[in-house]
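So this one's my_file.cif, mmCIF, C-alpha atoms and all ligand atoms:
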data_input
#
loop_
_atom_site.group_PDB
_atom_site.id
_atom_site.type_symbol
_atom_site.label_atom_id
_atom_site.label_comp_id
_atom_site.auth_asym_id
_atom_site.auth_seq_id
_atom_site.Cartn_x
_atom_site.Cartn_y
_atom_site.Cartn_z
ATOM 1 C CA MET A 1 -30.341 35.372 14.715
ATOM 2 C CA LYS A 2 -32.015 34.096 11.547
ATOM 3 C CA LYS A 3 -33.335 30.558 11.907
ATOM 4 C CA ILE A 4 -32.622 27.938 9.304
ATOM 5 C CA THR A 5 -33.912 24.479 8.383
ATOM 6 C CA ILE A 6 -31.651 21.500 8.997
ATOM 7 C CA ALA A 7 -32.272 18.207 7.187
ATOM 8 C CA ILE A 8 -30.445 15.098 8.394
ATOM 9 C CA ASP A 9 -30.927 12.019 6.233
ATOM 10 C CA GLY A 10 -29.245 8.663 6.070
ATOM 11 C CA PHE A 11 -29.394 4.940 6.611
ATOM 12 C CA SER A 12 -31.169 3.349 9.559
ATOM 13 C CA SER A 13 -29.353 3.069 12.895
ATOM 14 C CA CYS A 14 -26.476 5.322 11.959
ATOM 15 C CA GLY A 15 -26.969 7.681 14.873
ATOM 16 C CA LYS A 16 -28.853 10.364 12.955
ATOM 17 C CA SER A 17 -31.456 10.845 15.658
ATOM 18 C CA THR A 18 -28.942 11.207 18.468
ATOM 19 C CA MET A 19 -26.971 13.846 16.613
ATOM 20 C CA ALA A 20 -30.092 15.648 15.399
ATOM 21 C CA LYS A 21 -31.670 15.707 18.880
ATOM 22 C CA ASP A 22 -28.517 16.936 20.569
ATOM 23 C CA LEU A 23 -27.957 19.657 17.990
ATOM 24 C CA ALA A 24 -31.582 20.838 18.249
ATOM 25 C CA ARG A 25 -31.344 21.037 22.022
ATOM 26 C CA GLU A 26 -28.085 22.976 21.901
ATOM 27 C CA ILE A 27 -29.242 25.542 19.375
ATOM 28 C CA GLY A 28 -32.827 25.798 20.691
ATOM 29 C CA TYR A 29 -34.493 24.386 17.573
ATOM 30 C CA ILE A 30 -37.470 22.017 17.350
ATOM 31 C CA TYR A 31 -36.493 18.406 16.682
ATOM 32 C CA ILE A 32 -38.680 16.068 14.652
ATOM 33 C CA ASP A 33 -37.929 12.384 14.127
ATOM 34 C CA SER A 34 -39.805 11.682 10.888
ATOM 35 C CA GLY A 35 -39.069 7.944 11.165
ATOM 36 C CA ALA A 36 -41.097 7.893 14.384
ATOM 37 C CA MET A 37 -44.113 9.003 12.358
ATOM 38 C CA TYR A 38 -43.793 6.037 9.968
ATOM 39 C CA ARG A 39 -43.239 3.792 12.987
ATOM 40 C CA ALA A 40 -46.417 5.127 14.625
ATOM 41 C CA VAL A 41 -48.428 4.365 11.466
ATOM 42 C CA THR A 42 -46.913 0.864 11.542
ATOM 43 C CA LEU A 43 -47.835 0.338 15.196
ATOM 44 C CA TYR A 44 -51.373 1.500 14.427
ATOM 45 C CA SER A 45 -51.487 -0.977 11.508
ATOM 46 C CA ILE A 46 -50.326 -3.854 13.716
ATOM 47 C CA GLU A 47 -52.889 -3.025 16.371
ATOM 48 C CA ASN A 48 -55.780 -2.480 13.968
ATOM 49 C CA ASP A 49 -55.573 -5.609 11.892
ATOM 50 C CA ILE A 50 -54.148 -3.954 8.813
ATOM 51 C CA PHE A 51 -51.474 -6.634 8.384
ATOM 52 C CA HIS A 52 -52.751 -9.999 7.165
ATOM 53 C CA ASP A 53 -50.202 -12.823 6.895
ATOM 54 C CA GLY A 54 -47.492 -10.272 6.248
ATOM 55 C CA HIS A 55 -49.584 -8.389 3.660
ATOM 56 C CA ILE A 56 -50.825 -4.854 4.155
ATOM 57 C CA ASP A 57 -54.494 -4.084 3.640
ATOM 58 C CA ALA A 58 -53.710 -0.788 1.889
ATOM 59 C CA GLU A 59 -57.366 0.105 1.288
ATOM 60 C CA LYS A 60 -58.162 -0.219 4.977
ATOM 61 C CA LEU A 61 -55.119 1.820 5.955
ATOM 62 C CA LYS A 62 -56.009 4.505 3.431
ATOM 63 C CA GLU A 63 -59.515 4.746 4.895
ATOM 64 C CA GLN A 64 -58.222 4.915 8.463
ATOM 65 C CA LEU A 65 -55.317 7.295 7.852
ATOM 66 C CA LYS A 66 -57.495 10.260 8.873
ATOM 67 C CA ASP A 67 -57.927 8.577 12.296
ATOM 68 C CA ILE A 68 -54.174 8.420 12.905
ATOM 69 C CA HIS A 69 -52.972 11.474 14.772
ATOM 70 C CA ILE A 70 -49.282 11.704 15.519
ATOM 71 C CA SER A 71 -47.726 14.343 17.716
ATOM 72 C CA PHE A 72 -44.589 14.939 19.757
ATOM 73 C CA ARG A 73 -44.360 16.161 23.334
ATOM 74 C CA LEU A 74 -41.262 16.956 25.278
ATOM 75 C CA ASN A 75 -40.485 14.408 27.979
ATOM 76 C CA PRO A 76 -39.152 16.439 30.897
ATOM 77 C CA ALA A 77 -37.275 13.418 32.266
ATOM 78 C CA THR A 78 -35.224 12.832 29.100
ATOM 79 C CA GLY A 79 -35.338 16.350 27.675
ATOM 80 C CA ARG A 80 -36.355 14.790 24.368
ATOM 81 C CA PRO A 81 -39.643 14.578 22.518
ATOM 82 C CA ASP A 82 -41.757 11.436 22.879
ATOM 83 C CA THR A 83 -44.034 10.208 20.102
ATOM 84 C CA TYR A 84 -47.801 10.133 20.726
ATOM 85 C CA LEU A 85 -50.298 8.153 18.685
ATOM 86 C CA ASN A 86 -53.879 9.351 19.144
ATOM 87 C CA GLY A 87 -52.934 10.932 22.449
ATOM 88 C CA VAL A 88 -51.086 7.894 23.859
ATOM 89 C CA ASN A 89 -47.335 7.837 24.458
ATOM 90 C CA VAL A 90 -45.958 5.124 22.149
ATOM 91 C CA GLU A 91 -42.283 6.087 22.297
ATOM 92 C CA ASP A 92 -41.163 2.654 23.531
ATOM 93 C CA ARG A 93 -43.641 0.598 21.554
ATOM 94 C CA ILE A 94 -42.579 2.048 18.202
ATOM 95 C CA ARG A 95 -38.934 1.003 18.815
ATOM 96 C CA THR A 96 -39.516 -2.771 19.128
ATOM 97 C CA MET A 97 -38.162 -5.272 16.611
ATOM 98 C CA GLU A 98 -41.716 -6.056 15.542
ATOM 99 C CA VAL A 99 -42.297 -2.487 14.403
ATOM 100 C CA SER A 100 -38.764 -2.206 12.960
ATOM 101 C CA SER A 101 -39.287 -5.248 10.798
ATOM 102 C CA ARG A 102 -42.634 -4.020 9.410
ATOM 103 C CA VAL A 103 -42.078 -0.300 8.978
ATOM 104 C CA SER A 104 -40.330 -0.236 5.582
ATOM 105 C CA PRO A 105 -43.291 -1.520 3.518
ATOM 106 C CA ILE A 106 -45.592 0.920 5.335
ATOM 107 C CA ALA A 107 -43.173 3.780 4.600
ATOM 108 C CA ALA A 108 -43.135 2.736 0.932
ATOM 109 C CA LEU A 109 -46.869 3.428 0.457
ATOM 110 C CA ASP A 110 -47.343 6.630 -1.516
ATOM 111 C CA PHE A 111 -50.513 7.745 0.286
ATOM 112 C CA VAL A 112 -48.807 7.277 3.674
ATOM 113 C CA ARG A 113 -45.813 9.324 2.518
ATOM 114 C CA GLN A 114 -47.981 12.106 1.117
ATOM 115 C CA ALA A 115 -49.793 12.443 4.438
ATOM 116 C CA MET A 116 -46.591 12.378 6.504
ATOM 117 C CA VAL A 117 -44.706 14.795 4.237
ATOM 118 C CA ALA A 118 -47.593 17.283 4.395
ATOM 119 C CA GLN A 119 -47.529 17.155 8.220
ATOM 120 C CA GLN A 120 -43.736 17.483 8.288
ATOM 121 C CA GLN A 121 -43.787 20.528 6.000
ATOM 122 C CA GLU A 122 -46.401 22.122 8.244
ATOM 123 C CA MET A 123 -44.199 21.501 11.309
ATOM 124 C CA GLY A 124 -41.239 23.181 9.582
ATOM 125 C CA LYS A 125 -43.050 26.237 8.269
ATOM 126 C CA ALA A 126 -41.525 28.596 10.804
ATOM 127 C CA LYS A 127 -37.974 27.184 10.304
ATOM 128 C CA GLY A 128 -35.799 26.683 13.384
ATOM 129 C CA ILE A 129 -36.201 22.934 12.962
ATOM 130 C CA VAL A 130 -33.932 19.892 12.791
ATOM 131 C CA MET A 131 -35.661 16.967 11.107
ATOM 132 C CA ASP A 132 -34.143 13.596 10.488
ATOM 133 C CA GLY A 133 -35.256 10.869 8.111
ATOM 134 C CA ARG A 134 -34.695 9.559 4.617
ATOM 135 C CA ASP A 135 -36.177 12.168 2.290
ATOM 136 C CA ILE A 136 -35.940 15.361 4.288
ATOM 137 C CA GLY A 137 -33.288 17.046 2.126
ATOM 138 C CA THR A 138 -34.723 15.704 -1.134
ATOM 139 C CA THR A 139 -38.514 15.905 -0.695
ATOM 140 C CA VAL A 140 -39.689 17.443 2.577
ATOM 141 C CA PHE A 141 -37.363 20.464 2.706
ATOM 142 C CA PRO A 142 -35.477 20.653 -0.605
ATOM 143 C CA GLU A 143 -34.677 24.286 0.260
ATOM 144 C CA ALA A 144 -33.086 23.459 3.647
ATOM 145 C CA GLU A 145 -30.030 25.646 4.307
ATOM 146 C CA LEU A 146 -28.109 22.753 5.880
ATOM 147 C CA LYS A 147 -28.385 19.170 4.659
ATOM 148 C CA ILE A 148 -26.411 16.257 6.058
ATOM 149 C CA PHE A 149 -26.367 12.694 4.750
ATOM 150 C CA VAL A 150 -25.130 10.220 7.372
ATOM 151 C CA THR A 151 -23.814 6.755 6.729
ATOM 152 C CA ALA A 152 -21.874 3.938 8.453
ATOM 153 C CA SER A 153 -21.229 0.303 7.557
ATOM 154 C CA PRO A 154 -24.164 -2.115 8.083
ATOM 155 C CA GLU A 155 -22.111 -4.150 10.603
ATOM 156 C CA ILE A 156 -21.359 -1.126 12.747
ATOM 157 C CA ARG A 157 -24.976 0.021 12.619
ATOM 158 C CA ALA A 158 -26.226 -3.449 13.609
ATOM 159 C CA GLN A 159 -23.803 -3.542 16.529
ATOM 160 C CA ARG A 160 -24.989 -0.136 17.750
ATOM 161 C CA ARG A 161 -28.631 -1.200 17.534
ATOM 162 C CA TYR A 162 -27.819 -4.438 19.350
ATOM 163 C CA ASP A 163 -26.076 -2.529 22.160
ATOM 164 C CA GLU A 164 -29.052 -0.171 22.422
ATOM 165 C CA LEU A 165 -31.595 -2.990 22.737
ATOM 166 C CA LYS A 166 -29.419 -4.856 25.223
ATOM 167 C CA ALA A 167 -29.049 -1.732 27.327
ATOM 168 C CA LYS A 168 -32.854 -1.545 27.472
ATOM 169 C CA GLY A 169 -32.920 -5.169 28.591
ATOM 170 C CA GLU A 170 -34.509 -6.439 25.360
ATOM 171 C CA GLU A 171 -33.713 -9.819 23.842
ATOM 172 C CA ALA A 172 -31.761 -9.366 20.623
ATOM 173 C CA SER A 173 -29.790 -11.383 18.110
ATOM 174 C CA LEU A 174 -26.976 -9.600 16.301
ATOM 175 C CA ASP A 175 -27.465 -11.693 13.128
ATOM 176 C CA GLU A 176 -31.165 -10.921 13.058
ATOM 177 C CA ILE A 177 -30.511 -7.211 13.525
ATOM 178 C CA LEU A 178 -27.868 -7.163 10.781
ATOM 179 C CA GLU A 179 -30.317 -8.879 8.453
ATOM 180 C CA ASN A 180 -32.985 -6.320 9.361
ATOM 181 C CA VAL A 181 -30.574 -3.401 8.798
ATOM 182 C CA LYS A 182 -29.614 -4.715 5.334
ATOM 183 C CA GLN A 183 -33.187 -5.437 4.389
ATOM 184 C CA ARG A 184 -34.313 -1.954 5.401
ATOM 185 C CA ASP A 185 -31.415 -0.367 3.472
ATOM 186 C CA TYR A 186 -32.500 -2.256 0.386
ATOM 187 C CA ILE A 187 -36.179 -1.315 0.657
ATOM 188 C CA ASP A 188 -35.402 2.299 1.597
ATOM 189 C CA GLN A 189 -33.082 2.741 -1.397
ATOM 190 C CA ASN A 190 -35.192 0.882 -3.929
ATOM 191 C CA ARG A 191 -38.744 1.947 -3.216
ATOM 192 C CA GLU A 192 -40.538 3.904 -5.921
ATOM 193 C CA VAL A 193 -41.638 6.892 -3.860
ATOM 194 C CA SER A 194 -38.892 9.078 -2.400
ATOM 195 C CA PRO A 195 -36.134 6.456 -2.244
ATOM 196 C CA LEU A 196 -33.296 7.137 0.153
ATOM 197 C CA ARG A 197 -30.612 9.072 -1.667
ATOM 198 C CA LYS A 198 -28.199 11.834 -0.844
ATOM 199 C CA ALA A 199 -29.369 15.262 -2.045
ATOM 200 C CA ASP A 200 -26.775 16.757 -4.390
ATOM 201 C CA ASP A 201 -26.153 19.615 -1.995
ATOM 202 C CA ALA A 202 -26.007 17.479 1.183
ATOM 203 C CA LEU A 203 -22.753 17.080 3.120
ATOM 204 C CA LEU A 204 -21.707 13.449 3.511
ATOM 205 C CA LEU A 205 -20.798 12.162 6.967
ATOM 206 C CA ASP A 206 -19.501 8.603 7.355
ATOM 207 C CA ASN A 207 -19.440 8.125 11.099
ATOM 208 C CA SER A 208 -18.255 4.479 11.145
ATOM 209 C CA HIS A 209 -15.129 5.453 13.012
ATOM 210 C CA LEU A 210 -16.127 8.661 14.760
ATOM 211 C CA THR A 211 -16.923 9.032 18.430
ATOM 212 C CA ILE A 212 -20.177 10.759 19.384
ATOM 213 C CA LEU A 213 -18.142 13.761 20.502
ATOM 214 C CA GLN A 214 -16.224 14.026 17.201
ATOM 215 C CA GLN A 215 -19.462 13.794 15.315
ATOM 216 C CA LYS A 216 -21.060 16.454 17.482
ATOM 217 C CA GLU A 217 -18.173 18.833 16.898
ATOM 218 C CA TRP A 218 -18.321 18.257 13.168
ATOM 219 C CA LEU A 219 -22.042 19.000 13.110
ATOM 220 C CA ALA A 220 -21.714 22.121 15.270
ATOM 221 C CA GLU A 221 -19.077 23.379 12.821
ATOM 222 C CA GLN A 222 -21.370 22.790 9.834
ATOM 223 C CA PHE A 223 -24.155 24.636 11.634
ATOM 224 C CA ARG A 224 -21.894 27.636 12.300
ATOM 225 C CA LYS A 225 -20.837 27.720 8.638
ATOM 226 C CA ALA A 226 -24.447 27.518 7.440
ATOM 227 C CA ILE A 227 -25.515 30.350 9.769
ATOM 228 C CA ASP A 228 -22.562 32.496 8.671
ATOM 229 C CA LYS A 229 -23.716 32.167 5.062
ATOM 230 C CA GLU A 230 -27.175 33.552 5.894
HETATM 231 O O1 LIG B 301 -35.188 6.197 11.097
HETATM 232 P P1 LIG B 301 -36.054 5.012 11.473
HETATM 233 O O2 LIG B 301 -35.331 3.700 11.468
HETATM 234 O O3 LIG B 301 -36.814 5.224 12.732
HETATM 235 O O4 LIG B 301 -37.141 4.922 10.297
HETATM 236 C C1 LIG B 301 -38.133 3.949 10.297
HETATM 237 C C2 LIG B 301 -38.523 3.596 8.866
HETATM 238 O O5 LIG B 301 -39.203 4.684 8.259
HETATM 239 C C3 LIG B 301 -37.379 3.198 7.948
HETATM 240 O O6 LIG B 301 -37.701 1.976 7.298
HETATM 241 C C4 LIG B 301 -37.331 4.281 6.919
HETATM 242 C C5 LIG B 301 -38.646 4.970 7.004
HETATM 243 N N1 LIG B 301 -38.529 6.410 6.863
HETATM 244 C C6 LIG B 301 -38.831 6.971 5.660
HETATM 245 O O7 LIG B 301 -39.128 6.263 4.723
HETATM 246 N N2 LIG B 301 -38.779 8.322 5.497
HETATM 247 C C7 LIG B 301 -38.437 9.100 6.511
HETATM 248 N N3 LIG B 301 -38.401 10.432 6.328
HETATM 249 C C8 LIG B 301 -38.077 8.537 7.765
HETATM 250 C C9 LIG B 301 -38.126 7.179 7.909
#
Since I need it in another form, could you write the structure as C-alpha cells?
Amino acid sequence: MKKITIAIDGFSSCGKSTMAKDLAREIGYIYIDSGAMYRAVTLYSIENDIFHDGHIDAEKLKEQLKDIHISFRLNPATGRPDTYLNGVNVEDRIRTMEVSSRVSPIAALDFVRQAMVAQQQEMGKAKGIVMDGRDIGTTVFPEAELKIFVTASPEIRAQRRYDELKAKGEEASLDEILENVKQRDYIDQNREVSPLRKADDALLLDNSHLTILQQKEWLAEQFRKAIDKE
C-alpha cells in the first residue's frame, strides 16, 4: 500500500501526541514528536548556561547548535519513541514545567527552527510518517496528504496537563498550568517565524468534548479516506 505523510498540528496539550502516536503504531508508520525536538534544545540551553536572567544568549546557542544532536529511539517498555539528546535519554526531563515554561521563546528563534525543520524533512523523506507539531502542515510538509489541526479550550487542555503531571506524581498548580497554556498559545500564534495556524487544507478537530476512543475512530476514518484517494 502506498505510504503517505500525515501532519498533525494544533495547540499545546490538546492530545495531539497521543493520537498521533497511537495512529502511527496502528498503521505501522514512524512517529515524530517535533515539539520534543524544541524541548530538547531548551533543556540543552538550560543546562549549558544559555539562559541569563530569563534572556536567551542567542549567539551562544547559534554557535552550539551543531553540538546538539537529537534522536528518537523506541522504548520497548512503552512501545513509544523516547527523545535522546546527545545520546542521553531525556524523555522525562523535557516534560517538566521548567522546560515547558521556557520552550516557546526558544522555538521562536529562526535559526533554531531552520535547523529543526531541515532535520524533520529529512526524517520524512521516505513518507510513512506521522509528525505532530505546530507548523508541520504549513512549513515542514506542505504537501502532506493528510493534515489535521487539533484544538480544545484552554481550560480543558490545562486540566488534562494537570491530570497528567499529577499521575506522574509531580507537584502542579492548575492556575499556573492554565497561565502557561495561554501564554504558549499566544507566543505560538504570534511569533514571526512559522506561527501556529491551520493550513487551508487541514481538517479541523475540536476534541474538547470527545473521548480518546471517539477521537481515535475519527482519525482512523480520515486516514482511510486519505489512503483511498491515493
Ligand atoms: O507540543 P509541545 O508542547 O511539546 O511543544 C513544545 C513547544 O515547541 C511549544 O511551545 C511549541 C513549540 N513547537 C513549535 O514551535 N513547532 C513545532 N513543530 C512543535 C512545537
Distance cut-off 9 Å, centre (-22.9, 1.3, 2.6) in file coordinates, counting all atoms listed in the file: which residues qualify? Return them as a ChimeraX atom specification. /A:11,151-154,185
Is there a way to get, as a ChimeraX atom specification, all residues within 12 Å of the point (-33.4, 8.8, 8.4) in file coordinates, counting all atoms listed in the file? /A:7-20,32-39,104,107,130-138,148-151,184-185,188-189,195-198
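Candidate residues A:Glu230, A:Ala202, A:Arg102, A:Asn48 were compared for distance to Leu61 (chain A), and the nearest is A:Asn48, using all atoms listed in the file.
For the structure in this document, the set picked by the PyMOL selection byres (((chain A and resi 41) around 10) and not hetatm) is Ala36, Met37, Tyr38, Arg39, Ala40, Thr42, Leu43, Tyr44, Ser45, Ile46, Glu47, Leu61, Leu65, Ile68, His69, Ile70, Leu85, Ile94, Val99, Val103, Ile106, Ala107, Val112 and Met116 of chain A.
Between ligand LIG 301 (chain B) and the candidates A:Glu176, A:Glu122, A:Glu91, A:Glu217, the tightest atom-to-atom separation, counting only C-alpha atoms and all ligand atoms, involves A:Glu91.
Minimum atom-to-atom distance to Arg95 (chain A), evaluated using only C-alpha atoms, belongs to A:Glu164 out of A:Thr139, A:Leu205, A:Asp67, A:Glu164.
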Per-axis box centre and lengths in Å around ligand LIG 301 (chain B), 8 Å margin per side, axis-aligned, as AutoDock Vina command-line options:
--center_x -37.2 --center_y 6.2 --center_z 8.7 --size_x 20.0 --size_y 24.5 --size_z 24.0
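Of note, CA of Ile212 (chain A) and CA of Lys21 (chain A) are spaced 12.5 Å apart.
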Going by the chain IDs and residue numbers used in this file, which residues fall under the PyMOL selection byres (((chain A and resi 26) around 12) and not hetatm)? Write them as a ChimeraX atom specification. /A:19-25,27-31,79-80,130,216-217,219-220,223
Starting from the PyMOL selection byres (((chain A and resi 5) around 7) and not hetatm), expand the selection into actual residues of this file and give them as a PDB file with C-alpha atoms, in the frame of the given file.
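Once written, expr.pdb looks like this:
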ATOM      1  CA  ILE A   4     -32.622  27.938   9.304  1.00  0.00           C
ATOM      2  CA  ILE A   6     -31.651  21.500   8.997  1.00  0.00           C
ATOM      3  CA  ALA A   7     -32.272  18.207   7.187  1.00  0.00           C
ATOM      4  CA  LYS A 127     -37.974  27.184  10.304  1.00  0.00           C
ATOM      5  CA  GLY A 128     -35.799  26.683  13.384  1.00  0.00           C
ATOM      6  CA  ILE A 129     -36.201  22.934  12.962  1.00  0.00           C
ATOM      7  CA  VAL A 130     -33.932  19.892  12.791  1.00  0.00           C
ATOM      8  CA  ALA A 144     -33.086  23.459   3.647  1.00  0.00           C
ATOM      9  CA  GLU A 145     -30.030  25.646   4.307  1.00  0.00           C
ATOM     10  CA  LEU A 146     -28.109  22.753   5.880  1.00  0.00           C
TER      11      LEU A 146
END
Which of these residues is nearest to Tyr186 (chain A), using all atoms listed in the file: A:Ile50, A:Gln64, A:Asn89, A:Pro105? A:Pro105
So how many Å separate CA of Gln159 (chain A) and CA of Ala77 (chain A), to one decimal? 26.8 Å
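The nearest approach to ligand LIG 301 (chain B) among the residues A:Leu165, A:Ile156, A:Ile187, A:Ile177, with all atoms listed in the file taken into account, belongs to A:Ile187.
For the pair CA of Ala167 (chain A) and CA of Thr78 (chain A), the separation is 15.9 Å.
Checking A:Lys3, A:Arg191, A:Lys125, A:His55 one by one against ligand LIG 301 (chain B), counting all atoms listed in the file, you find the shortest gap at A:Arg191.
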Please fill the gaps in region 178-187 of chain A so it has all heavy atoms, and write that as a PDB file, keeping the file's coordinate frame.
ATOM      1  N   LEU A 178     -28.640  -7.481  11.991  1.00  0.00           N
ATOM      2  CA  LEU A 178     -27.868  -7.163  10.781  1.00  0.00           C
ATOM      3  C   LEU A 178     -28.720  -7.431   9.538  1.00  0.00           C
ATOM      4  O   LEU A 178     -28.741  -6.633   8.591  1.00  0.00           O
ATOM      5  CB  LEU A 178     -26.566  -7.995  10.740  1.00  0.00           C
ATOM      6  CG  LEU A 178     -25.663  -7.757   9.538  1.00  0.00           C
ATOM      7  CD1 LEU A 178     -25.230  -6.296   9.428  1.00  0.00           C
ATOM      8  CD2 LEU A 178     -24.418  -8.647   9.592  1.00  0.00           C
ATOM      9  N   GLU A 179     -29.444  -8.531   9.574  1.00  0.00           N
ATOM     10  CA  GLU A 179     -30.317  -8.879   8.453  1.00  0.00           C
ATOM     11  C   GLU A 179     -31.381  -7.799   8.268  1.00  0.00           C
ATOM     12  O   GLU A 179     -31.645  -7.344   7.153  1.00  0.00           O
ATOM     13  CB  GLU A 179     -30.969 -10.246   8.769  1.00  0.00           C
ATOM     14  CG  GLU A 179     -31.395 -11.050   7.572  1.00  0.00           C
ATOM     15  CD  GLU A 179     -30.426 -10.940   6.402  1.00  0.00           C
ATOM     16  OE1 GLU A 179     -29.209 -11.208   6.542  1.00  0.00           O
ATOM     17  OE2 GLU A 179     -30.920 -10.533   5.335  1.00  0.00           O
ATOM     18  N   ASN A 180     -31.949  -7.352   9.392  1.00  0.00           N
ATOM     19  CA  ASN A 180     -32.985  -6.320   9.361  1.00  0.00           C
ATOM     20  C   ASN A 180     -32.428  -4.986   8.838  1.00  0.00           C
ATOM     21  O   ASN A 180     -33.065  -4.297   8.034  1.00  0.00           O
ATOM     22  CB  ASN A 180     -33.567  -6.160  10.772  1.00  0.00           C
ATOM     23  CG  ASN A 180     -34.599  -5.052  10.868  1.00  0.00           C
ATOM     24  OD1 ASN A 180     -34.351  -4.011  11.468  1.00  0.00           O
ATOM     25  ND2 ASN A 180     -35.747  -5.244  10.265  1.00  0.00           N
ATOM     26  N   VAL A 181     -31.209  -4.649   9.257  1.00  0.00           N
ATOM     27  CA  VAL A 181     -30.574  -3.401   8.798  1.00  0.00           C
ATOM     28  C   VAL A 181     -30.391  -3.450   7.273  1.00  0.00           C
ATOM     29  O   VAL A 181     -30.740  -2.512   6.550  1.00  0.00           O
ATOM     30  CB  VAL A 181     -29.207  -3.201   9.503  1.00  0.00           C
ATOM     31  CG1 VAL A 181     -28.338  -2.189   8.769  1.00  0.00           C
ATOM     32  CG2 VAL A 181     -29.396  -2.747  10.951  1.00  0.00           C
ATOM     33  N   LYS A 182     -29.874  -4.592   6.775  1.00  0.00           N
ATOM     34  CA  LYS A 182     -29.614  -4.715   5.334  1.00  0.00           C
ATOM     35  C   LYS A 182     -30.906  -4.702   4.521  1.00  0.00           C
ATOM     36  O   LYS A 182     -30.981  -4.081   3.461  1.00  0.00           O
ATOM     37  CB  LYS A 182     -28.844  -6.014   5.049  1.00  0.00           C
ATOM     38  CG  LYS A 182     -27.393  -5.958   5.502  1.00  0.00           C
ATOM     39  CD  LYS A 182     -26.687  -7.230   5.128  1.00  0.00           C
ATOM     40  CE  LYS A 182     -25.221  -7.195   5.504  1.00  0.00           C
ATOM     41  NZ  LYS A 182     -24.600  -8.529   5.384  1.00  0.00           N
ATOM     42  N   GLN A 183     -31.898  -5.378   5.074  1.00  0.00           N
ATOM     43  CA  GLN A 183     -33.187  -5.437   4.389  1.00  0.00           C
ATOM     44  C   GLN A 183     -33.816  -4.043   4.300  1.00  0.00           C
ATOM     45  O   GLN A 183     -34.330  -3.639   3.263  1.00  0.00           O
ATOM     46  CB  GLN A 183     -34.087  -6.341   5.204  1.00  0.00           C
ATOM     47  CG  GLN A 183     -35.174  -7.002   4.419  1.00  0.00           C
ATOM     48  CD  GLN A 183     -35.959  -7.919   5.357  1.00  0.00           C
ATOM     49  OE1 GLN A 183     -35.794  -7.889   6.579  1.00  0.00           O
ATOM     50  NE2 GLN A 183     -36.812  -8.722   4.792  1.00  0.00           N
ATOM     51  N   ARG A 184     -33.730  -3.306   5.403  1.00  0.00           N
ATOM     52  CA  ARG A 184     -34.313  -1.954   5.401  1.00  0.00           C
ATOM     53  C   ARG A 184     -33.546  -1.038   4.443  1.00  0.00           C
ATOM     54  O   ARG A 184     -34.140  -0.227   3.745  1.00  0.00           O
ATOM     55  CB  ARG A 184     -34.323  -1.372   6.814  1.00  0.00           C
ATOM     56  CG  ARG A 184     -35.499  -1.887   7.605  1.00  0.00           C
ATOM     57  CD  ARG A 184     -35.861  -0.922   8.689  1.00  0.00           C
ATOM     58  NE  ARG A 184     -34.937  -1.021   9.797  1.00  0.00           N
ATOM     59  CZ  ARG A 184     -34.836  -0.111  10.741  1.00  0.00           C
ATOM     60  NH1 ARG A 184     -35.556   0.988  10.696  1.00  0.00           N
ATOM     61  NH2 ARG A 184     -34.002  -0.266  11.737  1.00  0.00           N
ATOM     62  N   ASP A 185     -32.213  -1.179   4.415  1.00  0.00           N
ATOM     63  CA  ASP A 185     -31.415  -0.367   3.472  1.00  0.00           C
ATOM     64  C   ASP A 185     -31.912  -0.615   2.058  1.00  0.00           C
ATOM     65  O   ASP A 185     -32.089   0.306   1.271  1.00  0.00           O
ATOM     66  CB  ASP A 185     -29.930  -0.791   3.502  1.00  0.00           C
ATOM     67  CG  ASP A 185     -29.214  -0.299   4.751  1.00  0.00           C
ATOM     68  OD1 ASP A 185     -29.848   0.369   5.583  1.00  0.00           O
ATOM     69  OD2 ASP A 185     -28.005  -0.604   4.881  1.00  0.00           O
ATOM     70  N   TYR A 186     -32.111  -1.905   1.754  1.00  0.00           N
ATOM     71  CA  TYR A 186     -32.500  -2.256   0.386  1.00  0.00           C
ATOM     72  C   TYR A 186     -33.859  -1.637   0.054  1.00  0.00           C
ATOM     73  O   TYR A 186     -34.011  -0.974  -0.969  1.00  0.00           O
ATOM     74  CB  TYR A 186     -32.537  -3.787   0.214  1.00  0.00           C
ATOM     75  CG  TYR A 186     -32.868  -4.148  -1.212  1.00  0.00           C
ATOM     76  CD1 TYR A 186     -31.866  -4.192  -2.191  1.00  0.00           C
ATOM     77  CD2 TYR A 186     -34.190  -4.382  -1.595  1.00  0.00           C
ATOM     78  CE1 TYR A 186     -32.177  -4.473  -3.508  1.00  0.00           C
ATOM     79  CE2 TYR A 186     -34.505  -4.662  -2.912  1.00  0.00           C
ATOM     80  CZ  TYR A 186     -33.501  -4.706  -3.872  1.00  0.00           C
ATOM     81  OH  TYR A 186     -33.815  -4.961  -5.172  1.00  0.00           O
ATOM     82  N   ILE A 187     -34.834  -1.848   0.942  1.00  0.00           N
ATOM     83  CA  ILE A 187     -36.179  -1.315   0.657  1.00  0.00           C
ATOM     84  C   ILE A 187     -36.139   0.211   0.604  1.00  0.00           C
ATOM     85  O   ILE A 187     -36.697   0.829  -0.294  1.00  0.00           O
ATOM     86  CB  ILE A 187     -37.221  -1.793   1.701  1.00  0.00           C
ATOM     87  CG1 ILE A 187     -37.292  -3.328   1.729  1.00  0.00           C
ATOM     88  CG2 ILE A 187     -38.603  -1.212   1.395  1.00  0.00           C
ATOM     89  CD1 ILE A 187     -38.297  -3.898   2.731  1.00  0.00           C
TER      90      ILE A 187
END
